[in-house]
$ cat run13.tsv   # TSV, C-alpha atoms
chain	number	residue	atom	x	y	z
A	977	ASN	CA	0.00	0.00	0.00
A	978	LYS	CA	2.38	2.67	-1.26
A	979	HIS	CA	0.04	5.55	-0.52
A	980	PRO	CA	1.12	8.99	0.81
A	981	SER	CA	-0.93	8.27	3.96
A	982	MET	CA	1.65	5.60	4.82
A	983	ASN	CA	4.40	8.18	5.19
A	984	PRO	CA	5.40	8.66	8.85
A	985	PRO	CA	4.43	11.98	10.44
A	986	LEU	CA	7.24	14.52	10.60
A	987	ASN	CA	8.59	16.57	13.46
A	988	SER	CA	7.82	20.27	13.18
A	989	TYR	CA	11.52	21.11	13.37
A	990	ASP	CA	14.93	19.43	13.28
A	991	PRO	CA	17.30	19.01	16.26
A	992	PRO	CA	18.61	20.38	18.50
A	993	ASP	CA	15.95	21.61	20.92
A	994	VAL	CA	16.04	25.16	22.23
A	995	TYR	CA	17.85	25.17	25.59
A	996	GLN	CA	15.38	25.18	28.49
A	997	SER	CA	16.94	25.98	31.83
A	998	SER	CA	13.97	24.48	33.68
A	999	LEU	CA	14.99	21.03	32.40
A	1000	PHE	CA	18.38	21.17	34.12
A	1001	PRO	CA	19.42	21.40	37.81
A	1002	PRO	CA	20.41	24.85	39.08
A	1003	ALA	CA	24.09	25.66	39.39
A	1004	GLY	CA	25.64	24.02	42.44
A	1005	GLU	CA	22.92	21.37	42.82
A	1006	VAL	CA	23.37	17.63	42.32
A	1007	ASN	CA	23.46	16.87	38.59
A	1008	VAL	CA	22.32	13.29	38.13
A	1009	LEU	CA	23.11	13.26	34.42
A	1010	ALA	CA	26.68	14.38	35.07
A	1011	ILE	CA	27.07	11.56	37.59
A	1012	VAL	CA	25.76	8.97	35.14
A	1013	GLU	CA	28.01	10.30	32.40
A	1014	ASN	CA	30.95	10.17	34.84
A	1015	GLY	CA	32.41	13.32	33.41
A	1016	VAL	CA	32.23	12.08	29.80
A	1017	PRO	CA	29.14	13.48	28.02
A	1018	TYR	CA	27.21	11.03	25.92
A	1019	ALA	CA	28.02	11.52	22.28
A	1020	LYS	CA	25.03	12.74	20.34
A	1021	ASN	CA	24.04	10.44	17.53
A	1022	LEU	CA	22.19	13.02	15.50
A	1023	ALA	CA	23.42	11.45	12.27
A	1024	ARG	CA	20.59	8.94	12.63
A	1025	ILE	CA	17.99	11.70	13.05
A	1026	VAL	CA	15.94	12.08	9.89
A	1027	ASP	CA	15.48	15.64	8.67
A	1028	SER	CA	11.91	16.91	8.51
A	1029	SER	CA	12.04	16.78	4.72
A	1030	GLN	CA	12.35	12.98	4.68
A	1031	ASP	CA	10.89	9.89	6.28
A	1032	ALA	CA	12.60	6.99	7.99
A	1033	LEU	CA	13.40	5.31	4.69
A	1034	GLY	CA	14.66	8.44	2.95
A	1035	VAL	CA	11.73	8.33	0.51
A	1036	ARG	CA	8.14	9.49	0.67
A	1037	PHE	CA	5.33	7.71	-1.12
A	1038	THR	CA	3.37	9.68	-3.72
A	1039	GLU	CA	0.07	9.23	-5.52
A	1040	GLU	CA	2.04	7.76	-8.44
A	1041	ASP	CA	3.54	5.13	-6.15
A	1042	ALA	CA	0.02	4.22	-5.01
A	1043	LYS	CA	-1.04	3.63	-8.62
A	1044	GLU	CA	1.87	1.25	-9.14
A	1045	ALA	CA	1.32	-0.81	-5.97
A	1046	PRO	CA	0.59	-4.42	-6.96
A	1047	GLY	CA	-2.62	-6.12	-5.93
A	1048	SER	CA	-3.24	-9.76	-5.14
A	1049	LYS	CA	-1.43	-12.32	-7.27
A	1050	TYR	CA	-4.16	-14.85	-6.53
A	1051	ASN	CA	-7.38	-12.80	-6.59
A	1052	PRO	CA	-6.56	-9.52	-8.40
A	1053	SER	CA	-10.12	-8.76	-9.49
A	1054	VAL	CA	-11.26	-8.52	-5.85
A	1055	ILE	CA	-8.19	-7.75	-3.74
A	1056	GLN	CA	-6.49	-4.47	-4.60
A	1057	PRO	CA	-4.46	-2.25	-2.21
A	1058	GLY	CA	-6.84	0.12	-0.42
A	1059	LYS	CA	-6.46	3.90	-0.52
A	1060	GLY	CA	-7.76	4.55	2.99
A	1061	TRP	CA	-5.00	3.13	5.18
A	1062	GLN	CA	-3.13	5.56	7.40
A	1063	ARG	CA	0.04	5.26	9.42
A	1064	GLY	CA	-0.94	6.20	12.96
A	1065	ASP	CA	2.12	7.07	15.01
A	1066	THR	CA	3.85	10.06	16.52
A	1067	ALA	CA	5.97	12.59	14.67
A	1068	GLY	CA	9.53	11.41	14.07
A	1069	SER	CA	8.54	7.91	15.12
A	1070	ASP	CA	11.64	6.37	13.54
A	1071	ASN	CA	13.59	7.93	16.43
A	1072	CYS	CA	11.20	7.07	19.30
A	1073	ASP	CA	13.50	4.30	20.54
A	1074	GLY	CA	14.07	5.38	24.15
A	1075	GLU	CA	17.71	6.35	23.64
A	1076	HIS	CA	19.09	9.42	25.40
A	1077	ASP	CA	19.21	11.40	22.17
A	1078	SER	CA	15.91	10.27	20.65
A	1079	PHE	CA	14.12	13.07	18.85
A	1080	CYS	CA	10.40	12.57	18.28
A	1081	GLY	CA	7.03	13.99	19.21
A	1082	ARG	CA	8.15	17.51	18.38
A	1083	THR	CA	4.85	18.73	17.04
A	1084	GLY	CA	1.41	19.95	18.11
A	1085	ASP	CA	0.74	22.21	21.07
A	1086	CYS	CA	3.72	21.05	23.15
A	1087	LEU	CA	6.79	21.04	20.92
A	1088	LEU	CA	9.23	19.91	23.62
A	1089	TYR	CA	7.10	17.00	24.87
A	1090	GLY	CA	9.15	14.41	22.99
A	1091	HIS	CA	7.69	11.37	24.75
A	1092	ASN	CA	8.94	8.03	23.41
A	1093	ASP	CA	5.88	6.03	24.44
A	1094	GLY	CA	3.00	5.39	22.08
A	1095	ARG	CA	0.65	2.76	20.72
A	1096	ALA	CA	1.09	3.08	17.00
A	1097	GLY	CA	-0.43	1.08	14.18
A	1098	LEU	CA	-1.93	1.16	10.72
A	1099	THR	CA	-5.33	2.81	11.17
A	1100	ILE	CA	-8.21	1.54	9.04
A	1101	ASP	CA	-11.99	1.61	8.91
A	1102	GLY	CA	-14.73	0.14	6.75
A	1103	PHE	CA	-13.85	2.40	3.83
A	1104	SER	CA	-10.07	1.85	3.86
A	1105	GLY	CA	-9.98	-1.16	1.55
A	1106	TRP	CA	-7.55	-4.05	1.49
A	1107	GLY	CA	-4.08	-4.06	2.95
A	1108	VAL	CA	-1.96	-6.59	1.05
A	1109	PHE	CA	1.19	-8.04	2.64
A	1110	ASN	CA	3.85	-10.56	1.65
A	1111	LEU	CA	4.83	-12.91	4.47
A	1112	PRO	CA	8.19	-14.38	3.43
A	1113	ARG	CA	9.37	-17.91	4.18
A	1114	MET	CA	6.40	-19.14	6.16
A	1115	GLU	CA	7.22	-22.60	7.52
A	1116	GLN	CA	4.28	-23.87	9.62
A	1117	GLY	CA	1.20	-22.14	8.22
A	1118	VAL	CA	0.28	-19.94	11.21
A	1119	ILE	CA	-0.77	-16.27	11.04
A	1120	VAL	CA	-1.59	-14.19	14.12
A	1121	ILE	CA	-2.41	-10.47	14.12
A	1122	LYS	CA	-2.37	-7.94	16.91
A	1123	ILE	CA	-4.98	-5.19	16.78
A	1124	HIS	CA	-6.44	-2.26	18.68
A	1125	SER	CA	-10.20	-2.65	18.42
A	1126	TRP	CA	-10.50	0.28	20.83
A	1127	THR	CA	-9.07	2.82	18.37
A	1128	PHE	CA	-10.92	6.09	18.90
A	1129	PHE	CA	-10.79	7.90	15.56
A	1130	PRO	CA	-10.92	6.73	11.92
A	1131	PRO	CA	-8.11	7.56	9.49
A	1132	ALA	CA	-8.21	11.04	8.01
A	1133	THR	CA	-7.79	9.40	4.61
A	1134	THR	CA	-11.44	8.29	4.54
A	1135	ALA	CA	-13.00	11.61	5.57
A	1136	GLY	CA	-16.04	12.35	3.42
A	1137	TRP	CA	-16.11	8.92	1.81
A	1138	THR	CA	-19.32	6.95	1.52
A	1139	CYS	CA	-17.91	3.67	0.19
A	1140	GLU	CA	-14.67	1.71	0.03
A	1141	ASN	CA	-11.79	3.77	-1.40
A	1142	GLY	CA	-14.18	6.68	-1.92
A	1143	VAL	CA	-14.74	6.09	-5.63
A	1144	ASP	CA	-17.62	4.88	-7.79
A	1145	CYS	CA	-20.03	4.84	-4.87
A	1146	THR	CA	-23.43	3.36	-5.69
A	1147	PRO	CA	-26.35	2.70	-3.34
A	1148	THR	CA	-25.51	-1.01	-3.23
A	1149	GLU	CA	-21.86	-0.30	-2.37
A	1150	ALA	CA	-22.51	2.41	0.18
A	1151	VAL	CA	-21.64	1.28	3.68
A	1152	HIS	CA	-23.55	2.51	6.68
A	1153	THR	CA	-24.30	1.63	10.29
A	1154	ASN	CA	-26.97	-0.33	12.17
A	1155	ARG	CA	-29.77	-0.09	9.63
A	1156	ALA	CA	-30.81	-1.10	6.11
A	1157	LEU	CA	-30.25	1.21	3.17
A	1158	LEU	CA	-32.94	3.81	2.80
A	1159	SER	CA	-35.15	3.34	-0.21
A	1160	ASN	CA	-34.47	6.78	-1.66
A	1161	ASP	CA	-30.96	7.36	-3.04
A	1162	ASP	CA	-30.87	11.01	-1.94
A	1163	ASP	CA	-32.01	10.05	1.55
A	1164	ASN	CA	-29.36	7.34	1.62
A	1165	HIS	CA	-26.52	9.73	0.77
A	1166	ASN	CA	-27.85	12.27	3.26
A	1167	TYR	CA	-27.81	9.52	5.89
A	1168	LEU	CA	-24.23	8.61	5.04
A	1169	ARG	CA	-23.20	12.25	5.32
A	1170	ARG	CA	-24.76	12.29	8.78
A	1171	GLU	CA	-22.75	9.19	9.69
A	1172	ASN	CA	-19.55	11.01	8.72
A	1173	SER	CA	-20.61	13.99	10.81
A	1174	ILE	CA	-20.96	11.72	13.85
A	1175	VAL	CA	-17.22	11.02	13.65
A	1176	VAL	CA	-16.45	14.74	13.39
A	1177	ASP	CA	-18.69	15.46	16.38
A	1178	ARG	CA	-16.89	12.74	18.37
A	1179	GLN	CA	-13.51	14.28	17.60
A	1180	GLN	CA	-14.73	17.76	18.56
A	1181	GLU	CA	-16.17	16.37	21.78
A	1182	HIS	CA	-12.82	14.74	22.56
A	1183	GLU	CA	-11.00	18.06	22.03
A	1184	GLN	CA	-13.43	19.72	24.41
A	1185	GLN	CA	-12.91	16.95	26.99
A	1186	GLN	CA	-9.16	17.38	26.83
A	1187	LYS	CA	-9.52	20.98	27.99
A	1188	HIS	CA	-11.10	19.61	31.18
A	1189	ARG	CA	-8.56	16.75	31.50
A	1190	GLN	CA	-11.10	14.07	30.55
A	1191	LEU	CA	-8.68	12.65	28.04
A	1192	LYS	CA	-10.31	9.54	26.58
A	1193	PRO	CA	-13.47	9.55	24.47
A	1194	PRO	CA	-15.76	6.52	24.50
A	1195	VAL	CA	-14.66	3.57	22.36
A	1196	PRO	CA	-16.73	3.52	19.13
A	1197	ALA	CA	-19.39	0.82	19.07
A	1198	TYR	CA	-19.67	-1.96	16.52
A	1199	CYS	CA	-22.45	-1.85	13.97
A	1200	ASN	CA	-24.59	-4.85	13.08
A	1201	ASP	CA	-22.94	-5.30	9.68
A	1202	PHE	CA	-19.34	-5.33	10.91
A	1203	LYS	CA	-17.00	-7.85	9.31
A	1204	LEU	CA	-13.29	-8.46	9.48
A	1205	GLU	CA	-12.18	-10.05	6.21
A	1206	TYR	CA	-8.82	-11.60	5.49
A	1207	ALA	CA	-7.35	-13.56	2.61
A	1208	VAL	CA	-4.51	-16.07	2.50
A	1209	ASP	CA	-3.19	-16.54	-1.03
A	1210	GLY	CA	-6.40	-14.99	-2.35
A	1211	VAL	CA	-8.87	-17.16	-0.41
A	1212	ILE	CA	-11.16	-14.80	1.52
A	1213	THR	CA	-12.63	-15.51	4.97
A	1214	SER	CA	-15.17	-13.20	6.65
A	1215	LEU	CA	-15.68	-12.91	10.40
A	1216	THR	CA	-18.66	-11.23	12.04
A	1217	GLN	CA	-18.10	-9.52	15.38
A	1218	PRO	CA	-19.29	-12.58	17.42
A	1219	GLU	CA	-17.04	-14.86	15.34
A	1220	MET	CA	-14.11	-12.54	15.85
A	1221	GLU	CA	-14.72	-12.37	19.60
A	1222	LYS	CA	-14.54	-16.19	19.83
A	1223	ILE	CA	-10.92	-16.25	18.62
A	1224	ARG	CA	-9.74	-13.02	20.24
A	1225	LYS	CA	-7.25	-13.42	23.08
A	1226	ASN	CA	-6.23	-10.79	25.63
A	1227	PRO	CA	-2.90	-11.86	27.13
A	1228	GLU	CA	-2.76	-8.56	29.02
A	1229	ARG	CA	-4.51	-5.19	29.23
A	1230	VAL	CA	-5.20	-3.54	25.83
A	1231	VAL	CA	-3.36	-6.37	24.05
A	1232	GLU	CA	-5.60	-8.16	21.53
A	1233	VAL	CA	-4.42	-11.00	19.31
A	1234	LEU	CA	-6.30	-13.10	16.75
A	1235	GLU	CA	-5.08	-16.37	15.28
A	1236	LEU	CA	-6.51	-16.10	11.78
A	1237	TYR	CA	-4.77	-19.00	10.06
A	1238	ASN	CA	-3.49	-22.34	11.28
A	1239	ASN	CA	-3.05	-24.84	8.45
A	1240	GLU	CA	-1.70	-28.16	9.73
A	1241	THR	CA	-1.13	-29.39	6.17
A	1242	PHE	CA	0.90	-26.32	5.17
A	1243	SER	CA	4.07	-27.12	3.24
A	1244	GLY	CA	6.90	-24.60	3.56
A	1245	PRO	CA	8.99	-22.64	3.70
A	1246	ARG	CA	7.41	-20.41	1.07
A	1247	ASP	CA	6.13	-16.86	0.71
A	1248	VAL	CA	2.45	-16.30	1.52
A	1249	GLU	CA	0.21	-13.43	0.49
A	1250	PHE	CA	-1.94	-12.05	3.31
A	1251	ALA	CA	-4.62	-9.38	2.92
A	1252	ILE	CA	-7.00	-7.82	5.44
A	1253	ARG	CA	-9.79	-5.23	5.56
A	1254	LEU	CA	-12.84	-4.12	7.56
A	1255	THR	CA	-16.33	-3.79	6.07
A	1256	GLY	CA	-19.82	-2.84	7.18
A	1257	CYS	CA	-19.42	0.06	9.60
A	1258	GLY	CA	-18.03	2.80	7.40
A	1259	ARG	CA	-16.04	5.23	9.54
A	1260	GLN	CA	-17.90	4.35	12.75
A	1261	LYS	CA	-15.61	1.52	13.90
A	1262	PRO	CA	-11.87	1.98	13.21
A	1263	PHE	CA	-9.12	-0.48	14.09
A	1264	ASP	CA	-5.36	-0.28	14.35
A	1265	LEU	CA	-3.37	-3.18	12.91
A	1266	THR	CA	-0.14	-3.19	14.90
A	1267	HIS	CA	1.56	-6.53	14.19
A	1268	ILE	CA	1.41	-9.53	11.86
A	1269	TYR	CA	3.14	-12.65	13.20
A	1270	TRP	CA	3.77	-15.77	11.15
A	1271	ILE	CA	5.73	-18.99	11.45

$ encode --input "run13.tsv" --output "structure tokens"
Amino acid sequence: NKHPSMNPPLNSYDPPDVYQSSLFPPAGEVNVLAIVENGVPYAKNLARIVDSSQDALGVRFTEEDAKEAPGSKYNPSVIQPGKGWQRGDTAGSDNCDGEHDSFCGRTGDCLLYGHNDGRAGLTIDGFSGWGVFNLPRMEQGVIVIKIHSWTFFPPATTAGWTCENGVDCTPTEAVHTNRALLSNDDDNHNYLRRENSIVVDRQQEHEQQQKHRQLKPPVPAYCNDFKLEYAVDGVITSLTQPEMEKIRKNPERVVEVLELYNNETFSGPRDVEFAIRLTGCGRQKPFDLTHIYWI
């Protein structure tokens, strides 16, 4: 999915930070950093810091790259890379590695925040389309994904869309929430516009809550038509929400894993094509895909 939305967010400025005296001990006080350094300052490794004009790979995807992205080798008429995927992580995320000279999170209302912690992922919703991945040298035929089903906001890439990938929307393709399509086409599109406005209202409500330190909005609800669909070498499987819940495991708080594929007759090692998407809820129910594991 070589779409511009997959480019990592950029810091608002390049290092170094402006000196802030409040971040350092007053003269004559105990300086913990100086003790740790034992008189030898840590060497800055700013050569690994990516300038704000580039991304972690030194290249930024364009619309032309998106047009050239290959689809499924096994089911190309159905499975094509979606246009609504978005990389959801912090600015300068390629340098959020916890090292003493990491340089990330320099954006927004608090430019010096620079926190290394974050729960990043590829953010998708029911309009995002397929994500297509190559899983090299699979040996035992097992695929497990890690997700955030509690993601609060849909990707900005799908804003204003009323069907998958936002193109050629017809009444039969239009995706909505919790109800059948309205009989009148104009009413249907008006309804879908209202569904998009619900997401906007939720984001505005969250911004208002933040001002009062109520930081987390409610987790978006599932709709009746929700499905998680995945394909292994072009063979598509659809899971409703109850079916997905049956295989979901929570090894610890906010950690959700799903074993989607376990083929005991698998013969490897060989490369496997894996694709995944959400359908049914439009922008109402976003997910983050954080990891794909395979053996």

$ closest_residue --input "run13.tsv" --among "A:Pro985, A:Pro1262, A:Pro1196, A:Gly1210" --to "Trp1061 in chain A" --atoms "only C-alpha atoms"
A:Pro1262

$ atom_distance --input "run13.tsv" --atom1 "CA of His1267 in chain A" --atom2 "CA of Arg1253 in chain A"
14.3 Å

$ closest_residue --input "run13.tsv" --among "A:Gly1047, A:Gly1142, A:Pro1194, A:Gly1097" --to "Phe1250 in chain A" --atoms "all atoms listed in the file"
A:Gly1047

$ closest_residue --input "run13.tsv" --among "A:Asp1093, A:Asp1073, A:Asp1085, A:Asp1209" --to "Asp1247 in chain A" --atoms "all atoms listed in the file"
A:Asp1209

$ atom_distance --input "run13.tsv" --atom1 "CA of Gly1084 in chain A" --atom2 "CA of Asp993 in chain A"
14.9 Å

$ atom_distance --input "run13.tsv" --atom1 "CA of Ala1010 in chain A" --atom2 "CA of Tyr1089 in chain A"
22.2 Å

$ closest_residue --input "run13.tsv" --among "A:Gly1102, A:Pro1002, A:Pro1057, A:Pro1052" --to "Lys1261 in chain A" --atoms "all atoms listed in the file"
A:Gly1102

$ residues_near_point --input "run13.tsv" --point "(5.7, -25.4, 10.1)" --cutoff "10 Å" --atoms "all atoms listed in the file" --output "count of residues only"
15

$ closest_residue --input "run13.tsv" --among "A:Leu1265, A:Leu986, A:Val1231, A:Leu1204" --to "Glu1219 in chain A" --atoms "all atoms listed in the file"
A:Leu1204

$ axis_aligned_box --input "run13.tsv" --around "range 1067-1082 of chain A" --padding-each-side "8 Å" --output "AutoDock Vina command-line options"
--center_x 12.6 --center_y 10.9 --center_z 19.5 --size_x 29.2 --size_y 29.2 --size_z 27.9

$ residues_around --input "run13.tsv" --residues "Ala1096 in chain A" --least-positions-apart "5" --cutoff "8 Å" --atoms "only C-alpha atoms" --output "JSON, numbers by chain"
{"A": [1063, 1064, 1065, 1066, 1264, 1266]}
